[in-house]
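File shown: final.pdb. Contents: PDB, C-alpha atoms.
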ATOM      1  CA  MET E   1      -5.441  17.781  -6.175  1.00  0.00           C
ATOM      2  CA  ILE E   2      -6.745  16.496  -2.838  1.00  0.00           C
ATOM      3  CA  LEU E   3      -4.277  15.161  -0.279  1.00  0.00           C
ATOM      4  CA  PHE E   4      -5.688  12.305   1.805  1.00  0.00           C
ATOM      5  CA  PRO E   5      -3.771  11.628   5.036  1.00  0.00           C
ATOM      6  CA  ALA E   6      -4.124   7.943   5.852  1.00  0.00           C
ATOM      7  CA  ILE E   7      -5.319   6.376   9.076  1.00  0.00           C
ATOM      8  CA  ASP E   8      -4.951   2.608   8.762  1.00  0.00           C
ATOM      9  CA  LEU E   9      -6.514   0.718  11.656  1.00  0.00           C
ATOM     10  CA  LYS E  10      -5.282  -2.514  13.203  1.00  0.00           C
ATOM     11  CA  ASP E  11      -6.434  -3.669  16.636  1.00  0.00           C
ATOM     12  CA  GLY E  12      -7.898  -0.210  17.240  1.00  0.00           C
ATOM     13  CA  ARG E  13      -4.589   1.545  16.652  1.00  0.00           C
ATOM     14  CA  CYS E  14      -3.165   3.702  13.886  1.00  0.00           C
ATOM     15  CA  VAL E  15      -0.538   1.713  11.955  1.00  0.00           C
ATOM     16  CA  ARG E  16       1.333   1.530   8.669  1.00  0.00           C
ATOM     17  CA  LEU E  17       2.144  -1.662   6.796  1.00  0.00           C
ATOM     18  CA  GLU E  18       4.852  -2.532   4.300  1.00  0.00           C
ATOM     19  CA  ARG E  19       3.634  -4.046   1.016  1.00  0.00           C
ATOM     20  CA  GLY E  20       0.287  -4.801   2.647  1.00  0.00           C
ATOM     21  CA  GLU E  21       1.768  -7.374   5.061  1.00  0.00           C
ATOM     22  CA  MET E  22      -0.033  -7.374   8.412  1.00  0.00           C
ATOM     23  CA  SER E  23       3.058  -8.812  10.114  1.00  0.00           C
ATOM     24  CA  SER E  24       4.972  -5.659   9.148  1.00  0.00           C
ATOM     25  CA  ALA E  25       2.680  -3.261  11.016  1.00  0.00           C
ATOM     26  CA  THR E  26       4.290  -0.303  12.765  1.00  0.00           C
ATOM     27  CA  VAL E  27       2.134   1.440  15.365  1.00  0.00           C
ATOM     28  CA  PHE E  28       2.236   5.232  15.067  1.00  0.00           C
ATOM     29  CA  ASN E  29      -0.611   6.243  17.354  1.00  0.00           C
ATOM     30  CA  ASP E  30      -2.691   4.355  19.916  1.00  0.00           C
ATOM     31  CA  ASP E  31      -5.440   6.980  19.556  1.00  0.00           C
ATOM     32  CA  PRO E  32      -6.740   7.195  15.961  1.00  0.00           C
ATOM     33  CA  ALA E  33      -9.232   9.931  16.879  1.00  0.00           C
ATOM     34  CA  ALA E  34      -6.418  12.121  18.175  1.00  0.00           C
ATOM     35  CA  GLN E  35      -4.519  11.465  14.957  1.00  0.00           C
ATOM     36  CA  ALA E  36      -7.550  12.582  12.950  1.00  0.00           C
ATOM     37  CA  VAL E  37      -7.745  15.815  14.942  1.00  0.00           C
ATOM     38  CA  SER E  38      -4.037  16.387  14.312  1.00  0.00           C
ATOM     39  CA  PHE E  39      -4.532  16.003  10.558  1.00  0.00           C
ATOM     40  CA  GLU E  40      -7.463  18.426  10.672  1.00  0.00           C
ATOM     41  CA  ARG E  41      -5.315  20.984  12.508  1.00  0.00           C
ATOM     42  CA  ASP E  42      -2.614  20.542   9.868  1.00  0.00           C
ATOM     43  CA  GLY E  43      -5.096  21.838   7.296  1.00  0.00           C
ATOM     44  CA  PHE E  44      -6.047  18.704   5.376  1.00  0.00           C
ATOM     45  CA  SER E  45      -9.508  18.685   3.805  1.00  0.00           C
ATOM     46  CA  TRP E  46     -10.181  14.907   3.823  1.00  0.00           C
ATOM     47  CA  LEU E  47      -9.287  11.757   5.757  1.00  0.00           C
ATOM     48  CA  HIS E  48      -8.580   8.338   4.283  1.00  0.00           C
ATOM     49  CA  CYS E  49      -9.322   5.471   6.688  1.00  0.00           C
ATOM     50  CA  VAL E  50      -8.862   1.734   6.202  1.00  0.00           C
ATOM     51  CA  ASP E  51     -10.034  -1.021   8.531  1.00  0.00           C
ATOM     52  CA  LEU E  52      -7.122  -3.394   7.906  1.00  0.00           C
ATOM     53  CA  ASP E  53      -8.491  -6.142  10.139  1.00  0.00           C
ATOM     54  CA  GLY E  54     -11.805  -5.783   8.340  1.00  0.00           C
ATOM     55  CA  ALA E  55     -10.143  -6.150   4.941  1.00  0.00           C
ATOM     56  CA  PHE E  56      -8.843  -9.565   5.947  1.00  0.00           C
ATOM     57  CA  ALA E  57     -11.928 -10.639   7.905  1.00  0.00           C
ATOM     58  CA  GLY E  58     -14.451  -9.475   5.318  1.00  0.00           C
ATOM     59  CA  ARG E  59     -16.429  -7.493   7.875  1.00  0.00           C
ATOM     60  CA  ALA E  60     -15.990  -4.400  10.038  1.00  0.00           C
ATOM     61  CA  ALA E  61     -13.446  -5.013  12.791  1.00  0.00           C
ATOM     62  CA  ASN E  62     -12.483  -1.501  13.931  1.00  0.00           C
ATOM     63  CA  ALA E  63     -15.917   0.093  14.059  1.00  0.00           C
ATOM     64  CA  GLN E  64     -15.323   1.653  17.462  1.00  0.00           C
ATOM     65  CA  ALA E  65     -12.183   3.420  16.236  1.00  0.00           C
ATOM     66  CA  VAL E  66     -13.943   4.626  13.087  1.00  0.00           C
ATOM     67  CA  ARG E  67     -16.827   6.006  15.129  1.00  0.00           C
ATOM     68  CA  ALA E  68     -14.362   7.792  17.404  1.00  0.00           C
ATOM     69  CA  ILE E  69     -12.648   9.364  14.395  1.00  0.00           C
ATOM     70  CA  ARG E  70     -16.019  10.451  12.985  1.00  0.00           C
ATOM     71  CA  ALA E  71     -16.983  12.050  16.306  1.00  0.00           C
ATOM     72  CA  ALA E  72     -13.639  13.823  16.730  1.00  0.00           C
ATOM     73  CA  THR E  73     -13.371  15.650  13.401  1.00  0.00           C
ATOM     74  CA  LYS E  74     -15.533  17.520  10.929  1.00  0.00           C
ATOM     75  CA  LEU E  75     -13.464  16.411   7.947  1.00  0.00           C
ATOM     76  CA  PRO E  76     -15.127  14.203   5.326  1.00  0.00           C
ATOM     77  CA  ILE E  77     -13.900  10.613   5.547  1.00  0.00           C
ATOM     78  CA  GLN E  78     -13.513   7.936   2.914  1.00  0.00           C
ATOM     79  CA  LEU E  79     -13.468   4.462   4.462  1.00  0.00           C
ATOM     80  CA  GLY E  80     -12.464   1.054   3.157  1.00  0.00           C
ATOM     81  CA  GLY E  81     -11.835  -2.420   4.511  1.00  0.00           C
ATOM     82  CA  GLY E  82     -14.337  -5.243   4.852  1.00  0.00           C
ATOM     83  CA  ILE E  83     -17.319  -3.400   3.347  1.00  0.00           C
ATOM     84  CA  ARG E  84     -18.833  -5.985   1.054  1.00  0.00           C
ATOM     85  CA  ASP E  85     -22.618  -5.677   1.055  1.00  0.00           C
ATOM     86  CA  MET E  86     -25.345  -3.033   0.862  1.00  0.00           C
ATOM     87  CA  ALA E  87     -26.026  -3.259   4.580  1.00  0.00           C
ATOM     88  CA  GLY E  88     -22.423  -2.378   5.370  1.00  0.00           C
ATOM     89  CA  ILE E  89     -22.361   0.422   2.825  1.00  0.00           C
ATOM     90  CA  ALA E  90     -25.589   1.949   4.124  1.00  0.00           C
ATOM     91  CA  PHE E  91     -24.483   1.570   7.744  1.00  0.00           C
ATOM     92  CA  TRP E  92     -21.342   3.623   7.280  1.00  0.00           C
ATOM     93  CA  LEU E  93     -22.850   6.260   5.023  1.00  0.00           C
ATOM     94  CA  GLU E  94     -25.690   6.768   7.494  1.00  0.00           C
ATOM     95  CA  ALA E  95     -23.095   6.956  10.301  1.00  0.00           C
ATOM     96  CA  GLY E  96     -21.555  10.025   8.695  1.00  0.00           C
ATOM     97  CA  ILE E  97     -18.856   8.528   6.480  1.00  0.00           C
ATOM     98  CA  GLU E  98     -18.763  10.533   3.249  1.00  0.00           C
ATOM     99  CA  ARG E  99     -17.542   7.816   0.878  1.00  0.00           C
ATOM    100  CA  VAL E 100     -16.969   4.072   1.131  1.00  0.00           C
ATOM    101  CA  ILE E 101     -14.298   2.195  -0.789  1.00  0.00           C
ATOM    102  CA  LEU E 102     -15.217  -1.129  -2.385  1.00  0.00           C
ATOM    103  CA  GLY E 103     -12.209  -3.243  -3.350  1.00  0.00           C
ATOM    104  CA  THR E 104     -12.861  -6.961  -3.016  1.00  0.00           C
ATOM    105  CA  ALA E 105     -16.529  -6.343  -3.801  1.00  0.00           C
ATOM    106  CA  ALA E 106     -15.593  -4.472  -6.988  1.00  0.00           C
ATOM    107  CA  LEU E 107     -13.850  -7.558  -8.317  1.00  0.00           C
ATOM    108  CA  LYS E 108     -16.098 -10.289  -6.973  1.00  0.00           C
ATOM    109  CA  ASN E 109     -19.481  -8.557  -6.984  1.00  0.00           C
ATOM    110  CA  PRO E 110     -19.488  -5.717  -9.542  1.00  0.00           C
ATOM    111  CA  ALA E 111     -23.298  -5.628  -9.464  1.00  0.00           C
ATOM    112  CA  LEU E 112     -23.061  -4.467  -5.846  1.00  0.00           C
ATOM    113  CA  VAL E 113     -20.876  -1.518  -6.878  1.00  0.00           C
ATOM    114  CA  ARG E 114     -23.390  -0.499  -9.525  1.00  0.00           C
ATOM    115  CA  GLU E 115     -26.316  -0.853  -7.145  1.00  0.00           C
ATOM    116  CA  ALA E 116     -24.529   1.158  -4.468  1.00  0.00           C
ATOM    117  CA  ALA E 117     -23.504   3.900  -6.911  1.00  0.00           C
ATOM    118  CA  ARG E 118     -27.135   4.265  -7.983  1.00  0.00           C
ATOM    119  CA  ALA E 119     -28.385   4.324  -4.406  1.00  0.00           C
ATOM    120  CA  PHE E 120     -25.657   6.662  -3.137  1.00  0.00           C
ATOM    121  CA  PRO E 121     -24.504   8.911  -6.003  1.00  0.00           C
ATOM    122  CA  GLY E 122     -21.008  10.316  -5.608  1.00  0.00           C
ATOM    123  CA  ARG E 123     -20.297   8.306  -2.468  1.00  0.00           C
ATOM    124  CA  ILE E 124     -18.808   5.060  -3.795  1.00  0.00           C
ATOM    125  CA  VAL E 125     -15.099   4.636  -4.567  1.00  0.00           C
ATOM    126  CA  VAL E 126     -13.690   1.610  -6.397  1.00  0.00           C
ATOM    127  CA  GLY E 127     -10.523   0.283  -4.782  1.00  0.00           C
ATOM    128  CA  ALA E 128      -7.963  -0.927  -7.318  1.00  0.00           C
ATOM    129  CA  ASP E 129      -5.143  -2.461  -5.275  1.00  0.00           C
ATOM    130  CA  ALA E 130      -2.429  -3.964  -7.456  1.00  0.00           C
ATOM    131  CA  LYS E 131       0.380  -6.438  -6.868  1.00  0.00           C
ATOM    132  CA  GLY E 132       2.688  -6.941  -9.811  1.00  0.00           C
ATOM    133  CA  GLY E 133       0.288  -4.863 -11.868  1.00  0.00           C
ATOM    134  CA  ARG E 134      -2.696  -7.142 -11.147  1.00  0.00           C
ATOM    135  CA  ILE E 135      -5.695  -6.514  -8.896  1.00  0.00           C
ATOM    136  CA  ALA E 136      -5.280  -7.989  -5.402  1.00  0.00           C
ATOM    137  CA  VAL E 137      -8.244  -8.569  -3.078  1.00  0.00           C
ATOM    138  CA  GLU E 138      -9.203 -10.184   0.252  1.00  0.00           C
ATOM    139  CA  GLY E 139      -6.703  -8.036   2.136  1.00  0.00           C
ATOM    140  CA  TRP E 140      -4.271  -8.352  -0.817  1.00  0.00           C
ATOM    141  CA  ALA E 141      -4.051 -12.124  -0.238  1.00  0.00           C
ATOM    142  CA  GLU E 142      -5.541 -13.056  -3.639  1.00  0.00           C
ATOM    143  CA  VAL E 143      -4.247 -11.744  -6.959  1.00  0.00           C
ATOM    144  CA  SER E 144      -6.511 -11.763 -10.023  1.00  0.00           C
ATOM    145  CA  VAL E 145      -5.700 -11.631 -13.740  1.00  0.00           C
ATOM    146  CA  LEU E 146      -7.218  -8.151 -14.138  1.00  0.00           C
ATOM    147  CA  THR E 147      -5.190  -4.962 -14.322  1.00  0.00           C
ATOM    148  CA  PRO E 148      -6.350  -1.705 -12.700  1.00  0.00           C
ATOM    149  CA  ILE E 149      -7.318  -0.443 -16.162  1.00  0.00           C
ATOM    150  CA  ASP E 150      -9.425  -3.562 -16.765  1.00  0.00           C
ATOM    151  CA  LEU E 151     -11.206  -3.032 -13.462  1.00  0.00           C
ATOM    152  CA  GLY E 152     -11.706   0.692 -13.979  1.00  0.00           C
ATOM    153  CA  ARG E 153     -13.271   0.235 -17.389  1.00  0.00           C
ATOM    154  CA  LYS E 154     -15.885  -2.084 -15.898  1.00  0.00           C
ATOM    155  CA  PHE E 155     -17.319   0.872 -13.980  1.00  0.00           C
ATOM    156  CA  GLU E 156     -17.052   3.688 -16.528  1.00  0.00           C
ATOM    157  CA  ASP E 157     -20.833   4.065 -16.690  1.00  0.00           C
ATOM    158  CA  ALA E 158     -21.608   3.158 -13.071  1.00  0.00           C
ATOM    159  CA  GLY E 159     -21.401   6.645 -11.576  1.00  0.00           C
ATOM    160  CA  VAL E 160     -18.681   5.909  -9.012  1.00  0.00           C
ATOM    161  CA  ALA E 161     -16.942   8.907  -7.458  1.00  0.00           C
ATOM    162  CA  ALA E 162     -13.351   7.783  -7.970  1.00  0.00           C
ATOM    163  CA  ILE E 163     -10.905   4.926  -8.397  1.00  0.00           C
ATOM    164  CA  LEU E 164      -8.411   4.543  -5.580  1.00  0.00           C
ATOM    165  CA  PHE E 165      -5.298   3.025  -7.177  1.00  0.00           C
ATOM    166  CA  THR E 166      -2.852   1.526  -4.675  1.00  0.00           C
ATOM    167  CA  ASP E 167       0.446   0.018  -5.767  1.00  0.00           C
ATOM    168  CA  VAL E 168       0.730  -2.529  -2.958  1.00  0.00           C
ATOM    169  CA  ASP E 169       4.303  -3.375  -3.979  1.00  0.00           C
ATOM    170  CA  GLN E 170       5.282   0.190  -3.052  1.00  0.00           C
ATOM    171  CA  ASP E 171       2.958   0.706  -0.121  1.00  0.00           C
ATOM    172  CA  GLY E 172       4.635   1.734   3.121  1.00  0.00           C
ATOM    173  CA  LEU E 173       8.153   1.648   1.657  1.00  0.00           C
ATOM    174  CA  LEU E 174       8.565   5.391   0.961  1.00  0.00           C
ATOM    175  CA  ALA E 175      10.145   4.369  -2.352  1.00  0.00           C
ATOM    176  CA  GLY E 176       8.063   6.666  -4.529  1.00  0.00           C
ATOM    177  CA  VAL E 177       4.555   6.701  -5.920  1.00  0.00           C
ATOM    178  CA  ASN E 178       4.002   4.755  -9.153  1.00  0.00           C
ATOM    179  CA  VAL E 179       3.500   7.803 -11.363  1.00  0.00           C
ATOM    180  CA  THR E 180       3.626   5.865 -14.620  1.00  0.00           C
ATOM    181  CA  ALA E 181       0.866   3.423 -13.683  1.00  0.00           C
ATOM    182  CA  THR E 182      -1.242   6.171 -12.095  1.00  0.00           C
ATOM    183  CA  LYS E 183      -1.012   8.296 -15.242  1.00  0.00           C
ATOM    184  CA  ALA E 184      -1.853   5.326 -17.481  1.00  0.00           C
ATOM    185  CA  LEU E 185      -4.971   4.543 -15.452  1.00  0.00           C
ATOM    186  CA  ALA E 186      -6.060   8.197 -15.330  1.00  0.00           C
ATOM    187  CA  GLN E 187      -5.749   8.457 -19.108  1.00  0.00           C
ATOM    188  CA  ALA E 188      -7.518   5.142 -19.745  1.00  0.00           C
ATOM    189  CA  VAL E 189     -10.702   5.896 -17.798  1.00  0.00           C
ATOM    190  CA  ARG E 190     -12.990   8.877 -17.290  1.00  0.00           C
ATOM    191  CA  ILE E 191     -13.372   8.231 -13.567  1.00  0.00           C
ATOM    192  CA  PRO E 192     -11.174  10.446 -11.338  1.00  0.00           C
ATOM    193  CA  VAL E 193      -8.137   8.570 -10.006  1.00  0.00           C
ATOM    194  CA  ILE E 194      -6.631   8.832  -6.524  1.00  0.00           C
ATOM    195  CA  ALA E 195      -3.027   7.619  -6.247  1.00  0.00           C
ATOM    196  CA  SER E 196      -1.773   5.643  -3.254  1.00  0.00           C
ATOM    197  CA  GLY E 197       1.264   3.653  -2.187  1.00  0.00           C
ATOM    198  CA  GLY E 198       4.899   4.634  -1.823  1.00  0.00           C
ATOM    199  CA  VAL E 199       4.669   8.377  -1.261  1.00  0.00           C
ATOM    200  CA  GLY E 200       7.927   9.149   0.507  1.00  0.00           C
ATOM    201  CA  SER E 201       8.652  12.831   0.028  1.00  0.00           C
ATOM    202  CA  ILE E 202       7.340  16.082  -1.366  1.00  0.00           C
ATOM    203  CA  ALA E 203       9.044  15.080  -4.618  1.00  0.00           C
ATOM    204  CA  ASP E 204       6.338  12.448  -5.154  1.00  0.00           C
ATOM    205  CA  ILE E 205       3.650  15.105  -4.998  1.00  0.00           C
ATOM    206  CA  ASP E 206       5.700  17.236  -7.399  1.00  0.00           C
ATOM    207  CA  ALA E 207       5.965  14.252  -9.753  1.00  0.00           C
ATOM    208  CA  LEU E 208       2.200  13.735  -9.817  1.00  0.00           C
ATOM    209  CA  ILE E 209       1.632  17.431 -10.429  1.00  0.00           C
ATOM    210  CA  ALA E 210       4.247  17.463 -13.211  1.00  0.00           C
ATOM    211  CA  VAL E 211       2.308  14.805 -15.115  1.00  0.00           C
ATOM    212  CA  ASN E 212      -0.305  17.511 -15.705  1.00  0.00           C
ATOM    213  CA  GLU E 213      -3.088  14.942 -15.915  1.00  0.00           C
ATOM    214  CA  PRO E 214      -6.348  16.523 -14.731  1.00  0.00           C
ATOM    215  CA  ASN E 215      -7.913  13.121 -14.065  1.00  0.00           C
ATOM    216  CA  ILE E 216      -5.476  12.484 -11.210  1.00  0.00           C
ATOM    217  CA  ALA E 217      -7.736  13.860  -8.504  1.00  0.00           C
ATOM    218  CA  GLY E 218      -5.706  13.181  -5.384  1.00  0.00           C
ATOM    219  CA  VAL E 219      -3.090  11.181  -3.527  1.00  0.00           C
ATOM    220  CA  VAL E 220      -3.055   9.271  -0.243  1.00  0.00           C
ATOM    221  CA  ILE E 221      -0.112   9.967   2.068  1.00  0.00           C
ATOM    222  CA  GLY E 222       0.729   7.656   4.950  1.00  0.00           C
ATOM    223  CA  ARG E 223       4.066   6.810   6.517  1.00  0.00           C
ATOM    224  CA  ALA E 224       5.818   9.920   5.160  1.00  0.00           C
ATOM    225  CA  LEU E 225       3.508  12.094   7.268  1.00  0.00           C
ATOM    226  CA  TYR E 226       4.029  10.025  10.401  1.00  0.00           C
ATOM    227  CA  ASP E 227       7.798   9.986   9.903  1.00  0.00           C
ATOM    228  CA  GLY E 228       7.919  13.727   9.298  1.00  0.00           C
ATOM    229  CA  ARG E 229       9.334  13.313   5.791  1.00  0.00           C
ATOM    230  CA  ILE E 230       6.544  15.476   4.385  1.00  0.00           C
ATOM    231  CA  ASP E 231       5.606  18.813   5.875  1.00  0.00           C
ATOM    232  CA  PRO E 232       1.793  19.040   5.765  1.00  0.00           C
ATOM    233  CA  ARG E 233       1.630  22.771   5.054  1.00  0.00           C
ATOM    234  CA  GLU E 234       4.145  22.573   2.216  1.00  0.00           C
ATOM    235  CA  ALA E 235       2.302  19.630   0.671  1.00  0.00           C
ATOM    236  CA  ILE E 236      -1.101  21.286   1.008  1.00  0.00           C
ATOM    237  CA  GLY E 237       0.282  24.466  -0.552  1.00  0.00           C
ATOM    238  CA  LYS E 238       1.483  22.547  -3.585  1.00  0.00           C
ATOM    239  CA  ALA E 239      -1.838  20.725  -3.947  1.00  0.00           C
ATOM    240  CA  ASN E 240      -3.780  23.969  -3.694  1.00  0.00           C
ATOM    241  CA  SER E 241      -1.625  25.552  -6.378  1.00  0.00           C
ATOM    242  CA  VAL E 242      -2.884  22.894  -8.808  1.00  0.00           C
ATOM    243  CA  ARG E 243      -6.498  23.871  -8.085  1.00  0.00           C
ATOM    244  CA  ARG E 244      -5.753  27.505  -8.865  1.00  0.00           C
ATOM    245  CA  ARG E 245      -4.307  26.806 -12.311  1.00  0.00           C
TER     246      ARG E 245
END

Whole structure given in structure tokens:
Amino acid sequence: MILFPAIDLKDGRCVRLERGEMSSATVFNDDPAAQAVSFERDGFSWLHCVDLDGAFAGRAANAQAVRAIRAATKLPIQLGGGIRDMAGIAFWLEAGIERVILGTAALKNPALVREAARAFPGRIVVGADAKGGRIAVEGWAEVSVLTPIDLGRKFEDAGVAAILFTDVDQDGLLAGVNVTATKALAQAVRIPVIASGGVGSIADIDALIAVNEPNIAGVVIGRALYDGRIDPREAIGKANSVRRR
């Protein structure tokens, strides 16, 4: 299981939101690149970055911060937020981003996801952000009728690298990851699933491990790392123990 420390970007700074509300942003670091270096020193093997302003604007808004993160660390980065066409996808992949996350585009332009997955095998992630169990897009401002399972099944044969499932209702609240919904999605599709939203303690990582579902490939951790509620080395040790089984 891969642990993805989160760097969410708003106005060039590293923040965390509550339930996806931009007005609830708490600034944790004015220097996202320094935060990335800190996560690398902690021993993490990936970074998860989101351009929050870009998610709402529909275009890259924190490119300078993303470039600074890319220059500061050797860790592979998966990036989401405002990437909605082939030009944007190609730009970031050519700039050294390992994987791009397509959320709004996955719902509104599924052909783009398929085209991108063919052009860039193993480097496209489908973002399945859910409010009330339904897919939310455009910076979580619009809620569709589709469930994460519905969305995931649309891309079973597309060759995407993973589905990033975020329970927006839990996000940033430290109230616990939605293990039940994550397990249901992982069992319903063949695409590896990354859990996100609500991770508040090491117990949440234990809970995902206890499910014993091999298709749960990773989990994104945000506020709990910044608040010191999760010790990075302990968490990484638990995740590595799953790989050795």

Starting from the point (1.2, -4.5, 16.9), work out which residues of protein, DNA or RNA have an atom no more than 10 Å away when counting all atoms listed in the file; state them as JSON, numbers by chain.
{"E": [10, 11, 13, 14, 15, 22, 23, 24, 25, 26, 27, 28]}

Where does the PyMOL selection byres ((chain E and resi 150) around 10) land in this file, that is, which residues does it pick, as a compact mmCIF listing (two decimals) with C-alpha atoms, in the frame of the given file?
# COMPACT_ATOMS: atom_id res chain seq x y z
CA ALA E 128 -7.96 -0.93 -7.32
CA ARG E 134 -2.70 -7.14 -11.15
CA ILE E 135 -5.70 -6.51 -8.90
CA VAL E 145 -5.70 -11.63 -13.74
CA LEU E 146 -7.22 -8.15 -14.14
CA THR E 147 -5.19 -4.96 -14.32
CA PRO E 148 -6.35 -1.70 -12.70
CA ILE E 149 -7.32 -0.44 -16.16
CA LEU E 151 -11.21 -3.03 -13.46
CA GLY E 152 -11.71 0.69 -13.98
CA ARG E 153 -13.27 0.24 -17.39
CA LYS E 154 -15.88 -2.08 -15.90
CA PHE E 155 -17.32 0.87 -13.98
CA LEU E 185 -4.97 4.54 -15.45
CA ALA E 188 -7.52 5.14 -19.74
CA VAL E 189 -10.70 5.90 -17.80

Considering all atoms listed in the file, return as a ChimeraX atom specification whatever protein or nucleic-acid residues lie within 10 Å of region 92-96 of chain E, sequence-local ones (same chain, fewer than 4 positions apart) excluded.
/E:63,66-67,70-71,74,76-79,83,87-88,100,120,123-124

Can those selected residues be exported to a file as an mmCIF file, in the coordinates of the input so that it contains C-alpha atoms?
data_model
loop_
_atom_site.group_PDB
_atom_site.id
_atom_site.type_symbol
_atom_site.label_atom_id
_atom_site.label_comp_id
_atom_site.auth_asym_id
_atom_site.auth_seq_id
_atom_site.Cartn_x
_atom_site.Cartn_y
_atom_site.Cartn_z
ATOM 1 C CA ALA E 63 -15.917 0.093 14.059
ATOM 2 C CA VAL E 66 -13.943 4.626 13.087
ATOM 3 C CA ARG E 67 -16.827 6.006 15.129
ATOM 4 C CA ARG E 70 -16.019 10.451 12.985
ATOM 5 C CA ALA E 71 -16.983 12.050 16.306
ATOM 6 C CA LYS E 74 -15.533 17.520 10.929
ATOM 7 C CA PRO E 76 -15.127 14.203 5.326
ATOM 8 C CA ILE E 77 -13.900 10.613 5.547
ATOM 9 C CA GLN E 78 -13.513 7.936 2.914
ATOM 10 C CA LEU E 79 -13.468 4.462 4.462
ATOM 11 C CA ILE E 83 -17.319 -3.400 3.347
ATOM 12 C CA ALA E 87 -26.026 -3.259 4.580
ATOM 13 C CA GLY E 88 -22.423 -2.378 5.370
ATOM 14 C CA VAL E 100 -16.969 4.072 1.131
ATOM 15 C CA PHE E 120 -25.657 6.662 -3.137
ATOM 16 C CA ARG E 123 -20.297 8.306 -2.468
ATOM 17 C CA ILE E 124 -18.808 5.060 -3.795
#

Report as a list of chain:residue names the full result of the PyMOL selection byres ((chain E and resi 44) around 10) when it is applied to this structure.
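Answer for the PyMOL selection byres ((chain E and resi 44) around 10): E:Ile2, E:Leu3, E:Phe4, E:Pro5, E:Ala36, E:Ser38, E:Phe39, E:Glu40, E:Arg41, E:Asp42, E:Gly43, E:Ser45, E:Trp46, E:Leu47, E:Leu75, E:Pro232, E:Arg233, E:Ala235, E:Ile236.
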
Please save C-alpha atoms of the selected residues as a compact mmCIF listing (two decimals), in the frame of the given file.
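As a result, selection.txt now contains:
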# COMPACT_ATOMS: atom_id res chain seq x y z
CA ILE E 2 -6.74 16.50 -2.84
CA LEU E 3 -4.28 15.16 -0.28
CA PHE E 4 -5.69 12.30 1.80
CA PRO E 5 -3.77 11.63 5.04
CA ALA E 36 -7.55 12.58 12.95
CA SER E 38 -4.04 16.39 14.31
CA PHE E 39 -4.53 16.00 10.56
CA GLU E 40 -7.46 18.43 10.67
CA ARG E 41 -5.32 20.98 12.51
CA ASP E 42 -2.61 20.54 9.87
CA GLY E 43 -5.10 21.84 7.30
CA SER E 45 -9.51 18.68 3.80
CA TRP E 46 -10.18 14.91 3.82
CA LEU E 47 -9.29 11.76 5.76
CA LEU E 75 -13.46 16.41 7.95
CA PRO E 232 1.79 19.04 5.76
CA ARG E 233 1.63 22.77 5.05
CA ALA E 235 2.30 19.63 0.67
CA ILE E 236 -1.10 21.29 1.01

Carefully work through the PyMOL selection byres ((chain E and resi 107-114) around 9) for this structure and note down the residues it includes, as a list of chain:residue names.
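With the shown file as input, the PyMOL selection byres ((chain E and resi 107-114) around 9) matches E:Arg84, E:Asp85, E:Met86, E:Leu102, E:Gly103, E:Thr104, E:Ala105, E:Ala106, E:Glu115, E:Ala116, E:Ala117, E:Arg118, E:Ala119, E:Ile124, E:Val125, E:Val126, E:Ala128, E:Ile135, E:Val137, E:Ser144, E:Leu146, E:Leu151, E:Lys154, E:Phe155, E:Asp157, E:Ala158, E:Gly159, E:Val160.
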
Protein, DNA and RNA residues within 10 Å of (-13.9, 10.7, 18.1), only C-alpha atoms, as JSON, numbers by chain
{"E": [31, 32, 33, 34, 35, 36, 37, 64, 65, 66, 67, 68, 69, 70, 71, 72, 73]}

Here is a test: counting all atoms listed in the file, which residue of E:Ile209, E:Val168, E:Ala224, E:Val219 is nearest to Ser241 (chain E)?
E:Ile209

Pick the closest to Tyr226 (chain E) from E:Val199, E:Val242, E:Ala57, E:Thr182: which is it, counting all atoms listed in the file?
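Closest to Tyr226 (chain E), using all atoms listed in the file: E:Val199.
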
Could you please determine the separation between CA of Val179 (chain E) and CA of Asp206 (chain E) in Å, to one decimal place?
10.5 Å

What does the structure give for the distance between CA of Glu213 (chain E) and CA of Asn178 (chain E), in Å to one decimal?
14.1 Å
